[in-house]
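Structure file query-v5.txt with compact mmCIF, C-alpha atoms:
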# COMPACT_ATOMS: atom_id res chain seq x y z
CA MET P 3 3.64 -27.99 13.72
CA LYS P 4 5.17 -31.42 14.27
CA ARG P 5 8.16 -30.48 12.13
CA ILE P 6 8.75 -27.33 14.21
CA GLN P 7 8.68 -29.44 17.39
CA THR P 8 11.14 -31.90 15.85
CA ILE P 9 13.56 -29.15 14.87
CA ALA P 10 13.32 -27.57 18.34
CA CYS P 11 14.04 -30.93 19.95
CA LEU P 12 17.09 -31.45 17.75
CA VAL P 13 18.42 -27.98 18.57
CA PHE P 14 17.90 -28.55 22.30
CA ASN P 15 19.71 -31.91 22.16
CA LEU P 16 22.56 -30.31 20.24
CA PHE P 17 23.09 -27.56 22.83
CA ALA P 18 22.80 -30.08 25.68
CA ALA P 19 25.48 -32.26 24.06
CA LEU P 20 27.73 -29.23 23.56
CA GLY P 21 27.28 -28.25 27.21
CA LEU P 22 28.14 -31.77 28.39
CA ALA P 23 31.18 -31.88 26.13
CA GLN P 24 32.35 -28.52 27.48
CA GLU P 25 31.95 -29.75 31.08
CA ILE P 26 33.95 -32.91 30.33
CA GLU P 27 36.64 -30.87 28.60
CA THR P 28 36.86 -28.52 31.59
CA ASN P 29 37.50 -31.45 33.96
CA ALA P 30 39.94 -33.17 31.62
CA LEU P 31 43.72 -32.96 31.58
CA THR P 32 45.21 -32.41 28.14
CA LEU P 33 48.73 -33.76 27.65
CA THR P 34 51.18 -34.23 24.84
CA LEU P 35 53.02 -37.52 24.51
CA PRO P 36 56.32 -36.18 25.96
CA GLN P 37 54.39 -34.72 28.92
CA ALA P 38 52.65 -38.05 29.51
CA ILE P 39 55.95 -39.94 29.46
CA GLU P 40 57.51 -37.42 31.84
CA ARG P 41 54.63 -37.78 34.31
CA ALA P 42 54.76 -41.57 34.20
CA LEU P 43 58.51 -41.66 34.80
CA ALA P 44 58.04 -39.33 37.77
CA ASN P 45 55.05 -41.06 39.40
CA TYR P 46 54.82 -44.75 38.49
CA PRO P 47 55.60 -46.82 41.65
CA ALA P 48 57.52 -49.57 39.82
CA LEU P 49 60.40 -47.15 39.39
CA GLN P 50 60.54 -46.31 43.10
CA ILE P 51 60.38 -50.02 43.93
CA GLN P 52 63.41 -50.61 41.74
CA ARG P 53 65.21 -47.61 43.24
CA TYR P 54 64.91 -49.33 46.61
CA ALA P 55 66.44 -52.43 45.03
CA VAL P 56 69.37 -50.27 43.86
CA GLU P 57 69.71 -48.79 47.34
CA ARG P 58 69.69 -52.27 48.87
CA ALA P 59 72.41 -53.43 46.47
CA GLN P 60 74.47 -50.36 47.34
CA GLY P 61 74.13 -51.21 51.02
CA LEU P 62 75.37 -54.75 50.38
CA LYS P 63 78.30 -53.33 48.43
CA THR P 64 79.20 -51.06 51.36
CA THR P 65 79.17 -54.06 53.68
CA ALA P 66 81.29 -56.12 51.29
CA GLY P 67 84.00 -53.46 51.23
CA LEU P 68 84.37 -53.14 55.01
CA LEU P 69 87.23 -54.71 56.94
CA PRO P 70 86.25 -57.31 59.55
CA ASN P 71 85.94 -56.15 63.13
CA PRO P 72 88.79 -57.13 65.44
CA VAL P 73 88.09 -59.31 68.49
CA VAL P 74 89.54 -58.14 71.82
CA THR P 75 90.08 -60.84 74.45
CA PHE P 76 90.78 -60.29 78.14
CA TYR P 77 91.97 -63.29 80.16
CA LYS P 78 92.78 -63.43 83.89
CA GLU P 79 93.74 -66.29 86.23
CA ASP P 80 93.87 -65.93 90.01
CA LEU P 81 94.86 -69.28 91.61
CA GLY P 82 96.09 -70.24 95.09
CA LEU P 83 97.39 -73.37 96.88
CA ASN P 84 98.77 -73.63 100.45
CA GLY P 85 99.30 -69.94 100.70
CA GLN P 86 100.95 -69.69 97.30
CA ASP P 87 99.36 -67.49 94.64
CA GLU P 88 99.51 -68.34 90.99
CA GLY P 89 97.85 -66.83 87.94
CA GLU P 90 98.24 -64.60 84.96
CA THR P 91 96.56 -61.76 83.13
CA ALA P 92 96.50 -61.41 79.37
CA ILE P 93 94.88 -59.07 76.88
CA TYR P 94 95.13 -59.40 73.13
CA ALA P 95 93.28 -58.49 69.93
CA GLY P 96 92.61 -60.86 67.03
CA LEU P 97 91.66 -60.28 63.40
CA PRO P 98 90.40 -62.81 60.79
CA LEU P 99 92.78 -62.95 57.84
CA ASN P 100 90.55 -64.54 55.19
CA PHE P 101 89.42 -61.10 53.99
CA LEU P 102 92.90 -60.62 52.49
CA TRP P 103 92.02 -62.99 49.63
CA SER P 104 88.19 -62.94 49.67
CA ARG P 105 87.44 -59.22 49.93
CA TRP P 106 88.19 -58.46 46.28
CA SER P 107 85.70 -61.08 45.07
CA GLN P 108 83.07 -59.84 47.51
CA VAL P 109 83.44 -56.24 46.35
CA SER P 110 83.46 -57.29 42.68
CA ALA P 111 80.26 -59.32 43.07
CA ALA P 112 78.53 -56.54 45.00
CA SER P 113 79.59 -53.86 42.48
CA ALA P 114 78.28 -55.92 39.58
CA ARG P 115 75.02 -56.41 41.46
CA VAL P 116 74.62 -52.65 41.93
CA GLU P 117 75.25 -52.13 38.23
CA ALA P 118 72.69 -54.80 37.36
CA GLU P 119 70.03 -53.17 39.55
CA GLN P 120 70.73 -49.73 38.06
CA LEU P 121 70.42 -51.16 34.55
CA THR P 122 67.20 -52.89 35.57
CA LEU P 123 65.88 -49.47 36.61
CA THR P 124 66.75 -48.16 33.14
CA ASP P 125 65.00 -51.15 31.60
CA ILE P 126 61.85 -50.52 33.63
CA GLN P 127 61.89 -46.94 32.34
CA ARG P 128 62.11 -48.35 28.80
CA LEU P 129 59.09 -50.60 29.34
CA ILE P 130 57.02 -47.92 31.06
CA LYS P 131 57.77 -45.49 28.26
CA TYR P 132 56.48 -48.00 25.72
CA GLU P 133 53.32 -48.72 27.72
CA VAL P 134 52.61 -44.98 27.97
CA GLN P 135 53.23 -44.51 24.24
CA LYS P 136 50.90 -47.42 23.47
CA ALA P 137 48.14 -46.26 25.82
CA PHE P 138 48.48 -42.67 24.58
CA ALA P 139 48.15 -43.68 20.91
CA GLU P 140 45.23 -46.01 21.64
CA THR P 141 43.49 -43.24 23.60
CA HIS P 142 44.02 -40.74 20.80
CA PHE P 143 42.64 -42.95 18.05
CA ALA P 144 39.84 -44.27 20.27
CA ALA P 145 38.74 -40.65 20.70
CA GLN P 146 38.89 -40.17 16.93
CA ASN P 147 36.81 -43.31 16.38
CA LEU P 148 34.24 -42.24 18.98
CA LEU P 149 33.81 -38.86 17.32
CA ALA P 150 33.33 -40.55 13.95
CA TRP P 151 30.78 -43.03 15.30
CA GLN P 152 28.91 -40.17 16.96
CA LYS P 153 28.70 -38.38 13.62
CA ALA P 154 27.41 -41.53 11.92
CA ALA P 155 24.86 -42.16 14.67
CA GLU P 156 23.73 -38.52 14.50
CA VAL P 157 22.91 -38.93 10.80
CA PHE P 158 20.47 -41.72 11.58
CA HIS P 159 19.22 -39.92 14.67
CA GLN P 160 18.23 -36.92 12.58
CA ALA P 161 16.88 -39.21 9.86
CA ALA P 162 14.82 -41.10 12.46
CA GLU P 163 13.47 -37.87 13.97
CA ALA P 164 12.57 -36.52 10.57
CA GLY P 165 11.27 -39.93 9.52
CA SER P 166 8.88 -40.04 12.46
CA VAL P 167 7.34 -36.75 11.31
CA ARG P 168 7.19 -37.87 7.69
CA PHE P 169 5.72 -41.24 8.68
CA ALA P 170 3.06 -39.54 10.79
CA ASP P 171 2.24 -37.29 7.82
CA GLY P 172 2.08 -40.31 5.50
CA ASP P 173 5.13 -39.22 3.49
CA MET P 174 7.27 -42.27 4.38
CA ALA P 175 6.64 -45.97 4.15
CA GLY P 176 6.62 -48.02 7.32
CA TYR P 177 9.49 -50.23 6.11
CA GLU P 178 11.78 -47.28 5.48
CA HIS P 179 10.92 -45.78 8.85
CA GLN P 180 11.68 -49.07 10.65
CA ARG P 181 14.87 -49.56 8.66
CA ILE P 182 16.19 -46.14 9.67
CA THR P 183 15.33 -46.83 13.31
CA ILE P 184 17.19 -50.16 13.24
CA GLU P 185 20.25 -48.55 11.69
CA TYR P 186 20.17 -45.81 14.29
CA LEU P 187 20.17 -48.43 17.06
CA ARG P 188 23.03 -50.29 15.38
CA TYR P 189 25.17 -47.17 15.15
CA GLN P 190 24.26 -46.25 18.73
CA LYS P 191 25.63 -49.66 19.76
CA ALA P 192 28.85 -48.99 17.83
CA GLU P 193 29.08 -45.57 19.49
CA THR P 194 28.67 -47.15 22.95
CA GLU P 195 31.37 -49.71 22.23
CA ALA P 196 33.67 -46.89 21.08
CA LYS P 197 32.99 -45.07 24.37
CA VAL P 198 33.95 -48.20 26.31
CA ARG P 199 37.21 -48.57 24.35
CA LEU P 200 38.05 -44.92 24.90
CA SER P 201 37.25 -45.12 28.61
CA ASN P 202 39.42 -48.22 29.04
CA SER P 203 42.30 -46.64 27.14
CA GLN P 204 42.05 -43.45 29.18
CA LYS P 205 42.01 -45.40 32.45
CA GLN P 206 45.04 -47.42 31.36
CA LEU P 207 46.91 -44.24 30.44
CA THR P 208 45.89 -42.50 33.67
CA PHE P 209 47.07 -45.46 35.73
CA PHE P 210 50.55 -45.24 34.23
CA LEU P 211 50.68 -41.48 34.76
CA ASP P 212 49.70 -41.70 38.43
CA PRO P 213 47.96 -44.72 40.03
CA ASN P 214 46.71 -42.43 42.80
CA GLN P 215 44.77 -40.23 40.37
CA THR P 216 42.86 -42.83 38.35
CA GLU P 217 39.71 -40.66 38.11
CA THR P 218 41.44 -37.99 36.02
CA VAL P 219 40.24 -37.85 32.41
CA ILE P 220 43.17 -37.61 29.99
CA GLN P 221 42.78 -35.92 26.63
CA THR P 222 45.56 -36.32 24.11
CA SER P 223 47.23 -33.52 22.21
CA ALA P 224 48.87 -35.79 19.68
CA VAL P 225 51.77 -34.98 17.42
CA PHE P 226 53.05 -38.30 16.13
CA PRO P 227 56.16 -38.77 14.00
CA SER P 228 55.19 -39.06 10.35
CA HIS P 229 58.51 -40.30 9.02
CA LEU P 230 61.59 -41.83 10.58
CA PRO P 231 65.17 -41.33 9.45
CA GLU P 232 66.81 -44.03 7.37
CA LEU P 233 67.39 -47.05 9.57
CA SER P 234 69.88 -49.85 9.02
CA PRO P 235 68.63 -53.17 10.46
CA GLU P 236 72.20 -54.39 10.92
CA LYS P 237 73.15 -51.25 12.82
CA LEU P 238 69.99 -51.42 14.92
CA LEU P 239 70.72 -55.03 15.81
CA THR P 240 74.34 -54.29 16.74
CA GLN P 241 73.38 -51.33 18.90
CA SER P 242 70.60 -53.31 20.59
CA LEU P 243 72.92 -56.18 21.51
CA GLU P 244 75.35 -53.67 22.97
CA ASN P 245 73.06 -51.18 24.67
CA ARG P 246 69.67 -52.68 25.54
CA PRO P 247 69.40 -52.26 29.31
CA ASP P 248 67.88 -55.65 30.14
CA LEU P 249 70.69 -57.36 28.25
CA GLN P 250 73.28 -55.17 29.96
CA ALA P 251 71.70 -56.01 33.32
CA ALA P 252 71.91 -59.73 32.51
CA ARG P 253 75.60 -59.36 31.68
CA SER P 254 76.24 -57.47 34.91
CA THR P 255 74.44 -60.23 36.81
CA LEU P 256 76.68 -62.75 35.02
CA ARG P 257 79.77 -60.87 36.21
CA SER P 258 78.34 -60.89 39.72
CA LYS P 259 77.83 -64.66 39.53
CA GLN P 260 81.39 -65.11 38.26
CA ALA P 261 82.76 -63.16 41.23
CA ALA P 262 80.52 -65.15 43.59
CA SER P 263 81.88 -68.38 42.11
CA THR P 264 85.44 -67.20 42.73
CA LEU P 265 84.48 -66.19 46.26
CA SER P 266 83.08 -69.67 46.97
CA LYS P 267 86.39 -71.22 45.89
CA TRP P 268 88.31 -68.96 48.26
CA GLY P 269 85.93 -70.21 50.93
CA GLN P 270 87.58 -73.62 50.67
CA LEU P 271 90.62 -72.26 52.50
CA PRO P 272 90.61 -72.73 56.29
CA GLU P 273 89.61 -69.94 58.61
CA ILE P 274 92.73 -68.15 59.86
CA THR P 275 92.82 -65.70 62.75
CA ALA P 276 95.87 -63.82 64.04
CA ALA P 277 96.01 -62.26 67.50
CA ALA P 278 98.64 -60.23 69.39
CA GLY P 279 98.64 -58.93 72.95
CA TYR P 280 100.30 -58.69 76.32
CA LYS P 281 100.58 -61.21 79.16
CA LYS P 282 101.71 -60.87 82.81
CA GLN P 283 102.08 -63.59 85.46
CA VAL P 284 101.99 -63.33 89.24
CA ASP P 285 105.73 -64.05 89.44
CA ASP P 286 106.21 -60.93 87.32
CA PHE P 287 106.97 -62.78 84.13
CA LYS P 288 105.50 -60.65 81.35
CA GLY P 289 105.79 -59.93 77.64
CA ALA P 290 104.18 -59.95 74.23
CA VAL P 291 101.89 -62.78 73.09
CA VAL P 292 101.22 -63.84 69.47
CA GLN P 293 98.53 -66.37 68.56
CA ILE P 294 97.55 -67.93 65.22
CA ASN P 295 94.34 -69.96 64.89
CA VAL P 296 93.94 -72.17 61.83
CA GLY P 297 90.76 -74.12 61.17
CA LEU P 298 91.07 -77.70 59.94
CA PRO P 299 88.79 -78.29 56.91
CA LEU P 300 88.24 -81.96 57.65
CA PHE P 301 84.51 -82.10 56.97
CA ASN P 302 83.24 -78.78 55.63
CA ARG P 303 85.35 -77.63 52.71
CA ASN P 304 82.62 -75.35 51.35
CA GLN P 305 81.68 -77.98 48.76
CA GLY P 306 77.99 -77.03 48.79
CA ASP P 307 78.60 -73.33 48.22
CA VAL P 308 81.04 -74.04 45.39
CA ARG P 309 78.56 -76.32 43.66
CA SER P 310 75.69 -73.88 44.14
CA ALA P 311 77.74 -70.91 42.90
CA ASN P 312 78.87 -72.81 39.78
CA ALA P 313 75.29 -73.83 39.02
CA ALA P 314 74.11 -70.22 39.42
CA LEU P 315 76.90 -69.08 37.11
CA ASN P 316 75.99 -71.62 34.42
CA GLN P 317 72.32 -70.77 34.79
CA GLN P 318 72.96 -67.05 34.31
CA ALA P 319 75.26 -67.71 31.34
CA LEU P 320 72.52 -69.66 29.56
CA ALA P 321 69.89 -67.07 30.46
CA THR P 322 72.08 -64.27 29.09
CA GLU P 323 72.73 -66.17 25.87
CA LEU P 324 69.01 -66.85 25.44
CA LEU P 325 68.20 -63.19 26.05
CA GLU P 326 70.68 -62.13 23.37
CA LYS P 327 68.87 -64.35 20.86
CA ARG P 328 65.49 -63.01 21.96
CA VAL P 329 66.65 -59.41 21.62
CA ALA P 330 67.86 -60.14 18.10
CA LEU P 331 64.50 -61.74 17.24
CA GLU P 332 62.52 -58.82 18.69
CA VAL P 333 64.56 -56.27 16.75
CA ARG P 334 64.13 -58.14 13.45
CA GLN P 335 60.39 -58.60 14.01
CA ALA P 336 59.85 -54.97 15.05
CA TYR P 337 61.82 -53.65 12.09
CA ALA P 338 59.96 -55.88 9.61
CA THR P 339 56.59 -54.85 11.08
CA TYR P 340 57.53 -51.17 10.92
CA GLN P 341 58.57 -51.46 7.27
CA LEU P 342 55.30 -53.17 6.30
CA TYR P 343 53.13 -50.54 7.97
CA GLN P 344 55.30 -47.72 6.67
CA ARG P 345 54.81 -48.87 3.07
CA GLN P 346 51.08 -49.34 3.62
CA VAL P 347 50.69 -45.86 5.13
CA GLU P 348 52.61 -44.34 2.22
CA GLN P 349 50.36 -46.15 -0.26
CA PHE P 350 47.28 -45.08 1.68
CA LEU P 351 48.35 -41.43 1.60
CA ASP P 352 49.31 -41.60 -2.08
CA LYS P 353 45.79 -42.73 -3.00
CA ARG P 354 44.50 -39.29 -2.00
CA ILE P 355 41.22 -40.76 -0.87
CA GLN P 356 38.43 -38.32 -0.23
CA PRO P 357 38.17 -37.53 3.51
CA PRO P 358 35.47 -39.72 5.09
CA GLU P 359 33.72 -36.68 6.56
CA GLN P 360 32.93 -35.48 3.03
CA LEU P 361 31.35 -38.84 2.20
CA LEU P 362 29.09 -38.50 5.22
CA GLU P 363 28.11 -34.89 4.44
CA ILE P 364 27.30 -35.75 0.83
CA ALA P 365 25.18 -38.75 1.83
CA GLN P 366 23.32 -36.82 4.52
CA PHE P 367 22.61 -33.83 2.33
CA SER P 368 21.57 -35.90 -0.70
CA TYR P 369 19.16 -38.02 1.34
CA SER P 370 17.58 -34.99 3.00
CA GLU P 371 17.07 -33.41 -0.44
CA GLY P 372 15.51 -36.57 -1.81
CA GLU P 373 18.36 -37.14 -4.26
CA MET P 374 19.45 -40.39 -2.60
CA SER P 375 17.45 -43.44 -1.65
CA LEU P 376 17.57 -45.15 1.74
CA LEU P 377 19.80 -47.91 0.40
CA GLU P 378 22.21 -45.32 -0.96
CA LEU P 379 22.21 -43.54 2.39
CA LEU P 380 23.00 -46.81 4.17
CA ASP P 381 25.79 -47.50 1.73
CA GLY P 382 27.18 -43.97 2.11
CA VAL P 383 27.26 -44.11 5.91
CA ARG P 384 28.74 -47.60 5.81
CA ALA P 385 31.44 -46.35 3.43
CA TYR P 386 32.13 -43.53 5.87
CA SER P 387 32.42 -45.87 8.85
CA GLU P 388 34.66 -48.31 6.98
CA SER P 389 36.81 -45.44 5.75
CA PHE P 390 37.57 -43.90 9.13
CA GLN P 391 38.00 -47.32 10.75
CA THR P 392 40.52 -48.34 8.10
CA ARG P 393 42.39 -45.04 8.36
CA ASN P 394 42.53 -44.89 12.15
CA ASP P 395 43.38 -48.55 12.56
CA LEU P 396 46.21 -48.28 10.05
CA LEU P 397 47.62 -45.12 11.59
CA LEU P 398 47.39 -46.62 15.08
CA LYS P 399 49.22 -49.78 14.08
CA TYR P 400 51.85 -47.72 12.26
CA GLN P 401 52.51 -45.62 15.36
CA LEU P 402 52.60 -48.72 17.54
CA SER P 403 55.11 -50.33 15.18
CA ILE P 404 57.38 -47.30 15.66
CA PHE P 405 57.07 -47.49 19.43
CA GLU P 406 57.62 -51.26 19.34
CA LEU P 407 60.80 -50.70 17.34
CA GLU P 408 62.01 -48.24 19.96
CA LYS P 409 61.26 -50.72 22.72
CA ALA P 410 63.00 -53.57 20.92
CA THR P 411 66.14 -51.56 20.18
CA GLY P 412 66.26 -49.80 23.54
CA ARG P 413 66.96 -46.45 21.91
CA THR P 414 64.96 -43.32 21.10
CA ILE P 415 64.30 -43.05 17.39
CA THR P 416 61.46 -40.53 17.16
CA GLY P 417 62.39 -38.08 19.90
CA PHE P 418 59.18 -38.89 21.83
Could you quickly redo this structure as structure tokens?
Amino acid sequence: MKRIQTIACLVFNLFAALGLAQEIETNALTLTLPQAIERALANYPALQIQRYAVERAQGLKTTAGLLPNPVVTFYKEDLGLNGQDEGETAIYAGLPLNFLWSRWSQVSAASARVEAEQLTLTDIQRLIKYEVQKAFAETHFAAQNLLAWQKAAEVFHQAAEAGSVRFADGDMAGYEHQRITIEYLRYQKAETEAKVRLSNSQKQLTFFLDPNQTETVIQTSAVFPSHLPELSPEKLLTQSLENRPDLQAARSTLRSKQAASTLSKWGQLPEITAAAGYKKQVDDFKGAVVQINVGLPLFNRNQGDVRSANAALNQQALATELLEKRVALEVRQAYATYQLYQRQVEQFLDKRIQPPEQLLEIAQFSYSEGEMSLLELLDGVRAYSESFQTRNDLLLKYQLSIFELEKATGRTITGF
């Protein structure tokens, strides 16, 4: 009778778990990796923030290309002495002339700044793509690990349920019954930790897809690249130094600083304004008027701006040079890491190891039939857990090494 109750309880728990899983699956959003990347690039606010930076730079460029506004002056004198009237009326328009030699540098600096901001936008897309790839892969393998831990915990759950009946009937020793219960609790703990890791990975992925929809549960439909085309490290390094967007943005910023330095040197010239107009006196003398105003740079010769612009130029030159070295280091490290994990994955697949699920099924069946002792069951389940952990961890790190290589080179290698 007790055995019938135990079996009924197990069946009820099984159907309840299936119903809960179906409810979760109904509320979940299943995405492929390309779909996840597309959503993130459409919704993540960092991209819109940078688009505003591009728009701001474009506005500054528009201002830099405009001609200065002319200044219109109206002047009138109306004087009198002892019945005699004196005075004059004049109107003329003036225009600053310094734009004739400074405008080109202003436009060049502003154009380079727009280019730098646009390249920064491309670089943010590169970084977001990597973060989505990383979160997606971690979510996928965390789900695989959770499923495996649930299977392992279920073995000891069933063994504990059956053991309670056998212990009550006197068919099992107290030590074996307690040992099974302890193992069940240990695997329950591992299952809980796997749930936490999966939940955190899902939340991280959801945040990148849309920070306004953080309660959405993401399920992964994963198709990862299994093999990359032949890659030349020298070619990858050359292409990265030429095309990586953050390095291109740094070079554009350097060009902007160079133009700003030139502009500051033009600022050492005095302010010059030319004006032309018409003048008429009370005695009917009248005619054209031409006026030239030249500032005298006795005290302010723009020394501070020149010094500041040169320092900014030297600072950006060093920063760009340092970034080039860092890019080269990142590419070499990413390529070396990818090669190591690629060889290890190939060796792992060549071993043709028995699937871990078969190890678990054999151990569970043999113990239930009395063909395997408790120690052998423990060893079998432990072998199963170590097997899937090793496999999933290796595959995860291999996929991350591919994505890291894409991030380091700034180019798409896998098509994802």
### Query
With distances taken over all atoms listed in the file, which of P:Gly89, P:Gly382, P:Pro72, P:Pro47 is nearest to Ile126 in chain P?
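Selected residue with least distance to Ile126 in chain P: P:Pro47.
Neighbouring residues of Glu273 in chain P at 10 Å or closer, counting all atoms listed in the file and skipping chain neighbours under 5 positions away, are P:Pro98, P:Leu99, P:Asn100, P:Phe101, P:Asn295, P:Val296, P:Gly297, P:Leu298, P:Pro299.
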### Query
Counting all atoms listed in the file, what is within 12 Å of Ser234 in chain P, bar same-chain residues fewer than 3 positions away, as a PyMOL selection string?
chain P and resi 230-231+237-241+333-334+337-338+341+411
### Query
CA of Ala276 in chain P to CA of Ile294 in chain P: how many Å, to one decimal?
4.6 Å
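In terms of minimum interatomic distance to Gln318 in chain P, P:Ser254 ranks closest within P:Ser254, P:Gln293, P:Thr32, P:Gln349, counting all atoms listed in the file.
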### Atom-to-atom span, CA of Leu325 in chain P and CA of Lys63 in chain P, Å
26.5 Å
### Task
State, in Å with one decimal place, the distance from CA of Lys281 in chain P to CA of Thr91 in chain P.
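Interatomic distance here is 5.7 Å.
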### Message
Can you tell me which residues surround range 111-119 of chain P at a distance of at most 7 Å, considering all atoms listed in the file, apart from same-chain residues fewer than 3 positions away, and format the answer as a PyMOL selection string?
### Response
chain P and resi 55-56+59-60+62-63+66+107-108+122-123+251-252+254-255+257-259+261-262
Using all atoms listed in the file, find each residue of range 61-167 of chain P with at least one atom at most 8 Å away from an atom of range 218-223 of chain P; report its shortest atom-to-atom pair and that distance in Å (one decimal), sort the rows by chain and rising residue number, and return the result as a Markdown table.
| residue | atom | partner | partner_atom | distance |
| --- | --- | --- | --- | --- |
| P:Phe138 | CA | P:Thr222 | CA | 7.0 |
| P:Thr141 | CA | P:Thr222 | CA | 7.2 |
| P:His142 | CA | P:Thr222 | CA | 5.7 |
### Query
Smallest atom-to-atom distance to Tyr189 in chain P: which of P:Asp87, P:Asp212, P:Glu79, P:Glu156, using all atoms listed in the file?
P:Glu156
### Query
Which is closest to Lys288 in chain P among P:Ala92, P:Val329, P:Ile39, P:Leu31, if we use only C-alpha atoms?
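That would be P:Ala92, the residue with the smallest distance to Lys288 in chain P.
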### Query
Taking all atoms listed in the file into account, which of P:Val292, P:Ala224, P:Leu33, P:Val308 comes nearest Gly269 in chain P?
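Of the candidates, the smallest distance to Gly269 in chain P is held by P:Val308.
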Quick one: 4 Å padding each side, axis-aligned, all listed atoms of range 403-408 of chain P - centre and edge lengths in Å to one decimal, as lines of an AutoDock Vina configuration file?
center_x = 58.6
center_y = -49.3
center_z = 17.6
size_x = 14.9
size_y = 12.0
size_z = 12.8
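Nearest to Lys131 in chain P of all the residues P:Leu49, P:Leu398, P:Val198, P:Ala314 is P:Leu49, based on only C-alpha atoms.
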